[in-house]
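Below: input25.txt (compact mmCIF, C-alpha atoms)
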# COMPACT_ATOMS: atom_id res chain seq x y z
CA MET K 139 0.00 0.00 0.00
CA ASN K 140 1.25 3.47 -0.99
CA ILE K 141 -0.53 6.62 0.10
CA ILE K 142 -1.14 9.25 -2.60
CA ASN K 143 -3.20 12.43 -3.21
CA PHE K 144 -3.90 12.73 0.51
CA THR K 145 -6.08 15.82 1.27
CA PRO K 146 -7.26 15.32 4.85
CA LEU K 147 -8.05 18.99 5.58
CA SER K 148 -10.43 19.63 2.65
CA ALA K 149 -11.98 16.20 3.25
CA PHE K 150 -12.55 17.03 6.93
CA VAL K 151 -13.98 20.50 6.21
CA GLY K 152 -16.21 19.02 3.50
CA GLY K 153 -17.32 16.35 5.98
CA ILE K 154 -18.22 18.96 8.60
CA THR K 155 -20.22 20.79 5.92
CA ILE K 156 -22.12 17.61 5.03
CA GLY K 157 -22.67 17.04 8.75
CA LEU K 158 -24.20 20.54 9.02
CA ALA K 159 -26.61 19.70 6.20
CA VAL K 160 -27.61 16.54 8.08
CA VAL K 161 -28.17 18.60 11.26
CA VAL K 162 -30.27 21.29 9.56
CA PHE K 163 -32.48 18.70 7.82
CA PHE K 164 -32.89 16.73 11.04
CA ILE K 165 -33.63 19.46 13.58
CA GLY K 166 -35.61 21.50 11.01
CA ASN K 167 -37.69 18.82 9.28
CA GLY K 168 -37.08 15.78 11.48
CA ARG K 169 -35.70 13.78 8.58
CA LEU K 170 -32.50 11.94 7.75
CA ALA K 171 -30.43 13.18 4.82
CA GLY K 172 -30.12 9.77 3.17
CA ILE K 173 -29.86 10.57 -0.50
CA SER K 174 -30.93 7.20 -1.91
CA SER K 175 -34.17 7.27 0.12
CA ILE K 176 -34.87 10.92 -0.68
CA THR K 177 -34.39 10.20 -4.39
CA ASP K 178 -36.43 7.00 -4.41
CA ASN K 179 -39.25 8.65 -2.43
CA PHE K 180 -39.23 11.63 -4.75
CA LEU K 181 -39.61 9.32 -7.75
CA THR K 182 -42.27 7.02 -6.36
CA SER K 183 -44.19 8.66 -3.51
CA LYS K 184 -46.42 11.72 -3.31
CA GLU K 185 -45.69 12.08 0.39
CA GLY K 186 -43.23 14.87 1.03
CA ARG K 187 -42.51 15.18 -2.66
CA GLY K 188 -42.01 18.95 -2.48
CA ASP K 189 -39.42 18.61 0.28
CA ASN K 190 -37.64 15.77 -1.49
CA PHE K 191 -37.61 17.72 -4.75
CA LEU K 192 -36.20 20.85 -3.13
CA PHE K 193 -33.51 18.91 -1.29
CA LEU K 194 -32.38 17.33 -4.58
CA VAL K 195 -32.49 20.71 -6.35
CA GLY K 196 -30.29 22.08 -3.56
CA LEU K 197 -27.90 19.19 -3.98
CA ILE K 198 -27.38 20.24 -7.60
CA VAL K 199 -27.46 24.00 -6.94
CA GLY K 200 -24.85 23.73 -4.13
CA PRO K 201 -21.97 22.81 -6.45
CA ILE K 202 -23.07 25.51 -8.94
CA ILE K 203 -23.03 28.18 -6.21
CA PHE K 204 -19.66 26.89 -5.03
CA SER K 205 -18.19 27.06 -8.54
CA PHE K 206 -18.95 30.81 -8.64
CA SER K 207 -16.89 31.29 -5.48
CA THR K 208 -13.72 29.86 -6.98
CA THR K 209 -11.75 30.24 -10.18
CA ASN K 210 -10.51 26.67 -9.98
CA GLU K 211 -12.39 24.02 -11.86
CA ILE K 212 -14.04 21.37 -9.68
CA PRO K 213 -11.92 18.19 -10.07
CA PHE K 214 -14.15 15.58 -11.67
CA LEU K 215 -13.18 12.49 -13.62
CA ILE K 216 -15.02 9.32 -14.59
CA THR K 217 -12.63 6.74 -15.98
CA ASN K 218 -14.85 3.74 -16.62
CA SER K 219 -16.45 2.42 -19.79
CA LEU K 220 -20.18 2.85 -20.42
CA PRO K 221 -21.13 -0.81 -19.72
CA LEU K 222 -19.43 -0.62 -16.32
CA ILE K 223 -21.16 2.68 -15.58
CA ILE K 224 -24.58 1.19 -16.38
CA ALA K 225 -23.84 -1.95 -14.35
CA GLY K 226 -22.61 0.26 -11.49
CA GLY K 227 -25.72 2.43 -11.59
CA LEU K 228 -28.04 -0.58 -11.56
CA LEU K 229 -26.20 -2.20 -8.64
CA VAL K 230 -26.16 1.05 -6.65
CA GLY K 231 -29.90 1.49 -7.29
CA ILE K 232 -30.83 -2.09 -6.39
CA GLY K 233 -28.41 -2.33 -3.45
CA THR K 234 -29.36 0.94 -1.75
CA LYS K 235 -33.07 0.24 -2.25
CA VAL K 236 -32.85 -3.28 -0.82
CA ALA K 237 -30.64 -2.12 2.09
CA SER K 238 -32.73 1.05 2.64
CA GLY K 239 -29.70 3.32 2.59
CA CYS K 240 -26.43 4.41 1.04
CA THR K 241 -23.23 6.19 2.06
CA SER K 242 -25.18 9.12 3.52
CA GLY K 243 -28.14 7.27 5.07
CA HIS K 244 -26.18 4.41 6.64
CA GLY K 245 -22.57 5.68 6.52
CA ILE K 246 -23.21 9.12 8.02
CA CYS K 247 -26.73 9.49 9.52
CA GLY K 248 -27.01 5.88 10.70
CA ILE K 249 -23.58 5.74 12.32
CA ALA K 250 -24.11 9.19 13.89
CA ARG K 251 -27.34 7.79 15.43
CA SER K 252 -25.36 4.73 16.60
CA SER K 253 -27.56 2.33 14.61
CA LEU K 254 -26.09 -1.15 14.56
CA ARG K 255 -27.83 -1.84 11.22
CA SER K 256 -26.00 1.09 9.67
CA VAL K 257 -22.62 0.13 11.10
CA ILE K 258 -23.01 -3.34 9.57
CA ALA K 259 -24.23 -1.91 6.26
CA THR K 260 -21.29 0.49 6.11
CA VAL K 261 -18.68 -2.17 6.85
CA LEU K 262 -20.23 -4.40 4.16
CA PHE K 263 -20.40 -1.85 1.37
CA MET K 264 -16.89 -0.61 2.17
CA VAL K 265 -15.52 -4.15 2.01
CA THR K 266 -17.29 -5.13 -1.23
CA ALA K 267 -16.34 -1.79 -2.84
CA ILE K 268 -12.67 -2.21 -1.89
CA LEU K 269 -12.70 -5.80 -3.18
CA THR K 270 -14.35 -4.69 -6.42
CA VAL K 271 -11.64 -2.08 -7.01
CA ALA K 272 -8.97 -4.62 -6.10
CA ILE K 273 -10.36 -7.06 -8.69
CA ILE K 274 -11.29 -4.66 -11.51
CA GLY K 275 -8.45 -2.19 -10.93
CA ILE K 276 -8.35 1.53 -11.75
CA LYS K 277 -7.63 2.83 -15.24
CA MET F 123 -40.62 26.82 6.18
CA SER F 124 -39.94 23.09 5.82
CA LYS F 125 -39.50 23.64 2.06
CA ILE F 126 -36.81 26.27 2.65
CA ILE F 127 -35.07 23.97 5.15
CA SER F 128 -35.07 21.17 2.55
CA LEU F 129 -33.56 23.41 -0.10
CA ILE F 130 -30.93 24.83 2.27
CA SER F 131 -30.00 21.35 3.53
CA GLY F 132 -29.54 20.17 -0.04
CA ILE F 133 -27.39 23.16 -0.94
CA ILE F 134 -25.12 22.73 2.11
CA PHE F 135 -24.84 18.99 1.38
CA GLY F 136 -23.88 19.68 -2.24
CA VAL F 137 -21.26 22.24 -1.20
CA GLY F 138 -19.79 19.69 1.23
CA LEU F 139 -19.51 17.12 -1.56
CA VAL F 140 -17.52 19.63 -3.62
CA ILE F 141 -15.25 20.87 -0.79
CA SER F 142 -14.37 17.29 0.13
CA ASN F 143 -14.16 16.36 -3.59
CA MET F 144 -16.31 13.34 -2.83
CA ILE F 145 -18.31 14.44 -5.89
CA ASN F 146 -15.36 13.17 -7.97
CA PRO F 147 -15.51 9.44 -8.85
CA ALA F 148 -11.74 9.36 -9.42
CA LYS F 149 -11.20 10.61 -5.84
CA VAL F 150 -13.60 7.98 -4.49
CA LEU F 151 -11.90 5.18 -6.42
CA GLY F 152 -8.57 6.38 -4.97
CA PHE F 153 -10.10 5.92 -1.53
CA LEU F 154 -11.39 2.46 -2.40
CA ASN F 155 -8.01 1.44 -3.88
CA PHE F 156 -6.91 0.25 -0.47
CA PHE F 157 -4.61 -2.46 -1.83
CA GLY F 158 -2.97 -0.19 -4.41
CA GLN F 159 -2.17 3.54 -4.47
CA TRP F 160 -4.40 4.48 -1.56
CA ASP F 161 -5.86 7.94 -0.90
CA PRO F 162 -7.31 7.79 2.64
CA SER F 163 -8.84 11.31 2.47
CA LEU F 164 -12.49 10.31 2.35
CA ILE F 165 -12.31 8.67 5.76
CA PHE F 166 -12.07 12.26 7.02
CA VAL F 167 -15.32 13.15 5.25
CA MET F 168 -17.13 10.49 7.25
CA ILE F 169 -15.38 11.45 10.49
CA GLY F 170 -16.18 15.17 9.99
CA ALA F 171 -19.82 14.50 9.13
CA ILE F 172 -20.39 12.04 11.97
CA LEU F 173 -18.64 14.21 14.60
CA THR F 174 -20.76 17.19 13.54
CA SER F 175 -24.14 15.44 13.44
CA ALA F 176 -23.92 12.85 16.23
CA PRO F 177 -24.23 15.37 19.14
CA PHE F 178 -27.44 16.77 17.61
CA PHE F 179 -28.98 13.32 17.15
CA PHE F 180 -28.18 12.70 20.81
CA LEU F 181 -29.56 16.05 22.05
CA PHE F 182 -32.80 15.68 20.09
CA ARG F 183 -33.39 12.00 20.87
CA ASN F 184 -36.21 12.69 23.35
CA LYS F 185 -37.77 15.69 21.62
CA ASN F 186 -41.35 15.26 20.40
CA LYS F 187 -41.12 17.24 17.21
CA PRO F 188 -38.58 18.99 15.03
CA LEU F 189 -38.63 22.77 14.56
CA PHE F 190 -40.62 22.99 11.33
CA ALA F 191 -42.45 19.66 10.89
CA GLU F 192 -45.05 17.75 12.88
CA THR F 193 -43.02 14.63 13.62
CA PHE F 194 -39.61 13.08 13.30
CA SER F 195 -39.53 10.52 10.49
CA ILE F 196 -36.79 8.15 11.54
CA PRO F 197 -36.57 4.46 10.56
CA LYS F 198 -37.79 2.24 13.39
CA ILE F 199 -36.51 -1.04 11.99
CA LYS F 200 -33.72 -2.48 14.13
CA ASN F 201 -33.14 -6.08 13.03
CA ILE F 202 -30.20 -7.21 10.92
CA ASP F 203 -31.86 -9.06 8.05
CA SER F 204 -30.71 -10.60 4.81
CA LYS F 205 -31.99 -7.57 2.87
CA LEU F 206 -29.59 -5.31 4.74
CA ILE F 207 -26.67 -7.65 4.14
CA VAL F 208 -27.35 -8.50 0.48
CA GLY F 209 -28.35 -4.93 -0.41
CA SER F 210 -25.31 -3.29 1.18
CA SER F 211 -22.97 -5.82 -0.44
CA LEU F 212 -24.47 -5.19 -3.90
CA PHE F 213 -24.35 -1.44 -3.36
CA GLY F 214 -20.63 -1.70 -2.53
CA VAL F 215 -19.91 -3.57 -5.77
CA GLY F 216 -21.69 -0.85 -7.78
CA TRP F 217 -19.88 1.88 -5.82
CA GLY F 218 -16.53 0.21 -6.54
CA LEU F 219 -17.30 -0.18 -10.27
CA VAL F 220 -17.69 3.56 -10.88
CA GLY F 221 -16.85 5.54 -7.72
CA PHE F 222 -20.36 7.02 -7.56
CA CYS F 223 -22.84 6.70 -4.74
CA PRO F 224 -26.28 8.39 -4.92
CA GLY F 225 -25.40 11.81 -3.40
CA PRO F 226 -22.41 12.61 -5.61
CA ALA F 227 -24.17 11.13 -8.65
CA ILE F 228 -27.05 13.61 -8.29
CA ALA F 229 -24.85 16.56 -7.27
CA SER F 230 -22.70 15.98 -10.37
CA LEU F 231 -25.67 16.95 -12.57
CA ALA F 232 -24.31 20.44 -11.80
CA LEU F 233 -21.26 19.57 -13.90
CA VAL F 234 -23.31 18.24 -16.86
CA ASN F 235 -21.40 15.04 -17.57
CA GLU F 236 -23.03 12.51 -19.88
CA TYR F 237 -21.57 9.50 -18.06
CA ALA F 238 -23.01 10.76 -14.79
CA ILE F 239 -26.42 11.00 -16.47
CA PHE F 240 -26.15 7.40 -17.76
CA PHE F 241 -25.24 6.34 -14.23
CA LEU F 242 -28.26 8.12 -12.74
CA ILE F 243 -30.70 6.65 -15.25
CA SER F 244 -29.34 3.17 -14.45
CA MET F 245 -29.63 3.89 -10.73
CA PHE F 246 -33.29 4.91 -11.14
CA GLY F 247 -33.74 1.69 -13.13
CA GLY F 248 -32.32 -0.21 -10.16
CA PHE F 249 -34.85 1.43 -7.81
CA PHE F 250 -37.74 0.50 -10.09
CA LEU F 251 -36.56 -3.07 -10.69
CA THR F 252 -36.33 -3.62 -6.94
CA ARG F 253 -39.80 -2.22 -6.44
CA LEU F 254 -41.20 -4.54 -9.14
CA VAL F 255 -39.69 -7.63 -7.56
CA ASN F 256 -40.66 -6.58 -4.03
CA TYR F 257 -44.25 -5.57 -4.52
CA LYS F 258 -45.64 -8.01 -7.09
Mind turning the file's structure into structure tokens?
Amino acid sequence: MNIINFTPLSAFVGGITIGLAVVVFFIGNGRLAGISSITDNFLTSKEGRGDNFLFLVGLIVGPIIFSFSTTNEIPFLITNSLPLIIAGGLLVGIGTKVASGCTSGHGICGIARSSLRSVIATVLFMVTAILTVAIIGIK
Amino acid sequence: MSKIISLISGIIFGVGLVISNMINPAKVLGFLNFFGQWDPSLIFVMIGAILTSAPFFFLFRNKNKPLFAETFSIPKIKNIDSKLIVGSSLFGVGWGLVGFCPGPAIASLALVNEYAIFFLISMFGGFFLTRLVNYK
């Protein structure tokens, strides 16, 4: 193992920012900022659709607002082929729906609420993701 | 007011994904490349987010209602079932294939990238497929 591209400070500040979003959504609206659930509910349920829609709009508007505050381009790179991207999207959709949560719902909100379910979910998706990268490799 | 809170929460979340660069699949794959050239940064995203939010979850645990809604809507399910285990494992494989999880995938619509759009459409397809199998 070699360590490269290590940016702990921006990662930590970004994490605190995400944590603030979780706090505002929770103490304001009493809801968990789990993005897979918010998205799935927005697509399939009338209940709370306005709130779900506005949260998702904010999620897209946030990076746009941020990009006006800096002259640097936001680093963004997808390296995989289209078939892998489609397979990845399907698996992320199925997996987060079946497990009722993703990186934000289980990995952040769930762990912060000390939910054992979420700790187990997070360990599992971390392990299978790391194994997938180890097997497929990075281009 | 709850609508404004939703929008603001989303905006702050999206900004956090950019500051941390978790919006970037290449950065995420670097984090998942534990057995190769490893970039541990994203561990600090989780630590920062959990340290910030956990005290508030604790403080509000016995409150009856949030500030701008009638009730808390928090999952009550506690048991560790096969759905949790199979679902999380499948999600991890998909995450490792591309470096996208749902939050960054949606936030990256801001950057108008065609691959991100293909990913999102597939992810929505995954939601619907699961619903079909579950509810018929």
*Can you list, as a PyMOL selection string, every protein, DNA or RNA residue that comes within 9 Å of Asp161 of chain F when you count all atoms listed in the file, leaving out same-chain residues fewer than 5 positions away?*
(chain K and resi 140-145) or (chain F and resi 149-156)
*asked:* The residues within 7 Å of (-22.9, 21.1, -3.6), using only C-alpha atoms and the coordinates of the file, should be reported as number ranges by chain; which are they?
replied: K: 197-202, 204; F: 133-140, 229
*Spatial neighbours of segment 243-246 of chain F, 9 Å, all atoms listed in the file, chain gap at least 6 places, as a list in words*: Thr177, Asp178, Leu181, Ile223, Ile224, Ala225, Gly226, Gly227, Leu228, Leu229, Val230, Gly231 and Ile232 of chain K; Pro224 of chain F
*Could you please determine the separation between atom CA of Ser175 of chain K and atom CA of Gly196 of chain K in Å, to one decimal place?*
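These atoms are spaced 15.7 Å apart.
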*Up to 8 Å from (-26.8, 3.7, 8.5) in the file's coordinates: name the residues, counting only C-alpha atoms, as JSON, numbers by chain.*
{"K": [239, 240, 241, 242, 243, 244, 245, 246, 247, 248, 249, 253, 254, 255, 256, 257, 259, 260]}
*Do a neighbour search on Leu254 of chain F at 12 Å with all atoms listed in the file, toss out local chain neighbours closer than 5 positions, and write the hits as an MDAnalysis selection string.*
(chainID K and resid 182 232 235:236) or (chainID F and resid 247:249)
*Can you pull out every residue within 12 Å of Val215 of chain F, counting all atoms listed in the file, but drop anything in the same chain fewer than 3 positions away, and send it as a PyMOL selection string?*
(chain K and resi 222-223+225-234+262-274) or (chain F and resi 151+154+208-212+218-223)
*Which residue of F:Pro147, F:Leu233, F:Arg253, F:Gly225 approaches Ile212 of chain K most closely, using only C-alpha atoms*: F:Leu233
Would you mind putting N, CA, C and O atoms back on segment 209-231 of chain F and writing the result as a PDB file, in the coordinates of the input?
ATOM      1  N   GLY F 209     -28.263  -6.251   0.212  1.00  0.00           N
ATOM      2  CA  GLY F 209     -28.350  -4.930  -0.410  1.00  0.00           C
ATOM      3  C   GLY F 209     -27.068  -4.135  -0.258  1.00  0.00           C
ATOM      4  O   GLY F 209     -26.545  -3.585  -1.234  1.00  0.00           O
ATOM      5  N   SER F 210     -26.536  -4.075   0.958  1.00  0.00           N
ATOM      6  CA  SER F 210     -25.310  -3.290   1.180  1.00  0.00           C
ATOM      7  C   SER F 210     -24.151  -3.862   0.389  1.00  0.00           C
ATOM      8  O   SER F 210     -23.328  -3.112  -0.163  1.00  0.00           O
ATOM      9  N   SER F 211     -24.075  -5.198   0.305  1.00  0.00           N
ATOM     10  CA  SER F 211     -22.970  -5.820  -0.440  1.00  0.00           C
ATOM     11  C   SER F 211     -23.072  -5.469  -1.925  1.00  0.00           C
ATOM     12  O   SER F 211     -22.068  -5.129  -2.563  1.00  0.00           O
ATOM     13  N   LEU F 212     -24.288  -5.539  -2.488  1.00  0.00           N
ATOM     14  CA  LEU F 212     -24.470  -5.190  -3.900  1.00  0.00           C
ATOM     15  C   LEU F 212     -24.159  -3.715  -4.143  1.00  0.00           C
ATOM     16  O   LEU F 212     -23.503  -3.353  -5.130  1.00  0.00           O
ATOM     17  N   PHE F 213     -24.627  -2.876  -3.234  1.00  0.00           N
ATOM     18  CA  PHE F 213     -24.350  -1.440  -3.360  1.00  0.00           C
ATOM     19  C   PHE F 213     -22.834  -1.209  -3.414  1.00  0.00           C
ATOM     20  O   PHE F 213     -22.344  -0.449  -4.258  1.00  0.00           O
ATOM     21  N   GLY F 214     -22.081  -1.878  -2.552  1.00  0.00           N
ATOM     22  CA  GLY F 214     -20.630  -1.700  -2.530  1.00  0.00           C
ATOM     23  C   GLY F 214     -19.979  -2.080  -3.857  1.00  0.00           C
ATOM     24  O   GLY F 214     -19.084  -1.388  -4.339  1.00  0.00           O
ATOM     25  N   VAL F 215     -20.471  -3.160  -4.472  1.00  0.00           N
ATOM     26  CA  VAL F 215     -19.910  -3.570  -5.770  1.00  0.00           C
ATOM     27  C   VAL F 215     -20.154  -2.465  -6.802  1.00  0.00           C
ATOM     28  O   VAL F 215     -19.247  -2.063  -7.541  1.00  0.00           O
ATOM     29  N   GLY F 216     -21.382  -1.930  -6.837  1.00  0.00           N
ATOM     30  CA  GLY F 216     -21.690  -0.850  -7.780  1.00  0.00           C
ATOM     31  C   GLY F 216     -20.851   0.394  -7.503  1.00  0.00           C
ATOM     32  O   GLY F 216     -20.348   1.044  -8.422  1.00  0.00           O
ATOM     33  N   TRP F 217     -20.679   0.718  -6.239  1.00  0.00           N
ATOM     34  CA  TRP F 217     -19.880   1.880  -5.820  1.00  0.00           C
ATOM     35  C   TRP F 217     -18.427   1.703  -6.303  1.00  0.00           C
ATOM     36  O   TRP F 217     -17.807   2.637  -6.827  1.00  0.00           O
ATOM     37  N   GLY F 218     -17.913   0.487  -6.145  1.00  0.00           N
ATOM     38  CA  GLY F 218     -16.530   0.210  -6.540  1.00  0.00           C
ATOM     39  C   GLY F 218     -16.349   0.196  -8.059  1.00  0.00           C
ATOM     40  O   GLY F 218     -15.257   0.451  -8.561  1.00  0.00           O
ATOM     41  N   LEU F 219     -17.417  -0.140  -8.801  1.00  0.00           N
ATOM     42  CA  LEU F 219     -17.300  -0.180 -10.270  1.00  0.00           C
ATOM     43  C   LEU F 219     -17.072   1.214 -10.848  1.00  0.00           C
ATOM     44  O   LEU F 219     -16.349   1.384 -11.834  1.00  0.00           O
ATOM     45  N   VAL F 220     -17.716   2.231 -10.269  1.00  0.00           N
ATOM     46  CA  VAL F 220     -17.690   3.560 -10.880  1.00  0.00           C
ATOM     47  C   VAL F 220     -17.091   4.634  -9.957  1.00  0.00           C
ATOM     48  O   VAL F 220     -16.437   5.575 -10.421  1.00  0.00           O
ATOM     49  N   GLY F 221     -17.294   4.493  -8.649  1.00  0.00           N
ATOM     50  CA  GLY F 221     -16.850   5.540  -7.720  1.00  0.00           C
ATOM     51  C   GLY F 221     -17.967   6.532  -7.413  1.00  0.00           C
ATOM     52  O   GLY F 221     -17.727   7.595  -6.861  1.00  0.00           O
ATOM     53  N   PHE F 222     -19.190   6.169  -7.816  1.00  0.00           N
ATOM     54  CA  PHE F 222     -20.360   7.020  -7.560  1.00  0.00           C
ATOM     55  C   PHE F 222     -21.282   6.368  -6.558  1.00  0.00           C
ATOM     56  O   PHE F 222     -21.657   5.202  -6.713  1.00  0.00           O
ATOM     57  N   CYS F 223     -21.704   7.114  -5.537  1.00  0.00           N
ATOM     58  CA  CYS F 223     -22.840   6.700  -4.740  1.00  0.00           C
ATOM     59  C   CYS F 223     -23.953   7.721  -4.999  1.00  0.00           C
ATOM     60  O   CYS F 223     -23.728   8.698  -5.714  1.00  0.00           O
ATOM     61  N   PRO F 224     -25.166   7.550  -4.481  1.00  0.00           N
ATOM     62  CA  PRO F 224     -26.280   8.390  -4.920  1.00  0.00           C
ATOM     63  C   PRO F 224     -26.076   9.903  -4.750  1.00  0.00           C
ATOM     64  O   PRO F 224     -26.399  10.667  -5.668  1.00  0.00           O
ATOM     65  N   GLY F 225     -25.554  10.360  -3.616  1.00  0.00           N
ATOM     66  CA  GLY F 225     -25.400  11.810  -3.400  1.00  0.00           C
ATOM     67  C   GLY F 225     -24.524  12.475  -4.454  1.00  0.00           C
ATOM     68  O   GLY F 225     -24.967  13.385  -5.161  1.00  0.00           O
ATOM     69  N   PRO F 226     -23.276  12.029  -4.587  1.00  0.00           N
ATOM     70  CA  PRO F 226     -22.410  12.610  -5.610  1.00  0.00           C
ATOM     71  C   PRO F 226     -22.972  12.464  -7.028  1.00  0.00           C
ATOM     72  O   PRO F 226     -22.803  13.354  -7.859  1.00  0.00           O
ATOM     73  N   ALA F 227     -23.642  11.343  -7.303  1.00  0.00           N
ATOM     74  CA  ALA F 227     -24.170  11.130  -8.650  1.00  0.00           C
ATOM     75  C   ALA F 227     -25.193  12.219  -8.987  1.00  0.00           C
ATOM     76  O   ALA F 227     -25.200  12.754 -10.103  1.00  0.00           O
ATOM     77  N   ILE F 228     -26.054  12.565  -8.023  1.00  0.00           N
ATOM     78  CA  ILE F 228     -27.050  13.610  -8.290  1.00  0.00           C
ATOM     79  C   ILE F 228     -26.394  14.987  -8.304  1.00  0.00           C
ATOM     80  O   ILE F 228     -26.640  15.784  -9.205  1.00  0.00           O
ATOM     81  N   ALA F 229     -25.509  15.247  -7.333  1.00  0.00           N
ATOM     82  CA  ALA F 229     -24.850  16.560  -7.270  1.00  0.00           C
ATOM     83  C   ALA F 229     -24.071  16.836  -8.552  1.00  0.00           C
ATOM     84  O   ALA F 229     -23.975  17.975  -9.003  1.00  0.00           O
ATOM     85  N   SER F 230     -23.541  15.774  -9.178  1.00  0.00           N
ATOM     86  CA  SER F 230     -22.700  15.980 -10.370  1.00  0.00           C
ATOM     87  C   SER F 230     -23.517  16.401 -11.582  1.00  0.00           C
ATOM     88  O   SER F 230     -22.938  16.759 -12.609  1.00  0.00           O
ATOM     89  N   LEU F 231     -24.858  16.379 -11.486  1.00  0.00           N
ATOM     90  CA  LEU F 231     -25.670  16.950 -12.570  1.00  0.00           C
ATOM     91  C   LEU F 231     -25.271  18.422 -12.779  1.00  0.00           C
ATOM     92  O   LEU F 231     -25.409  18.955 -13.883  1.00  0.00           O
TER      93      LEU F 231
END
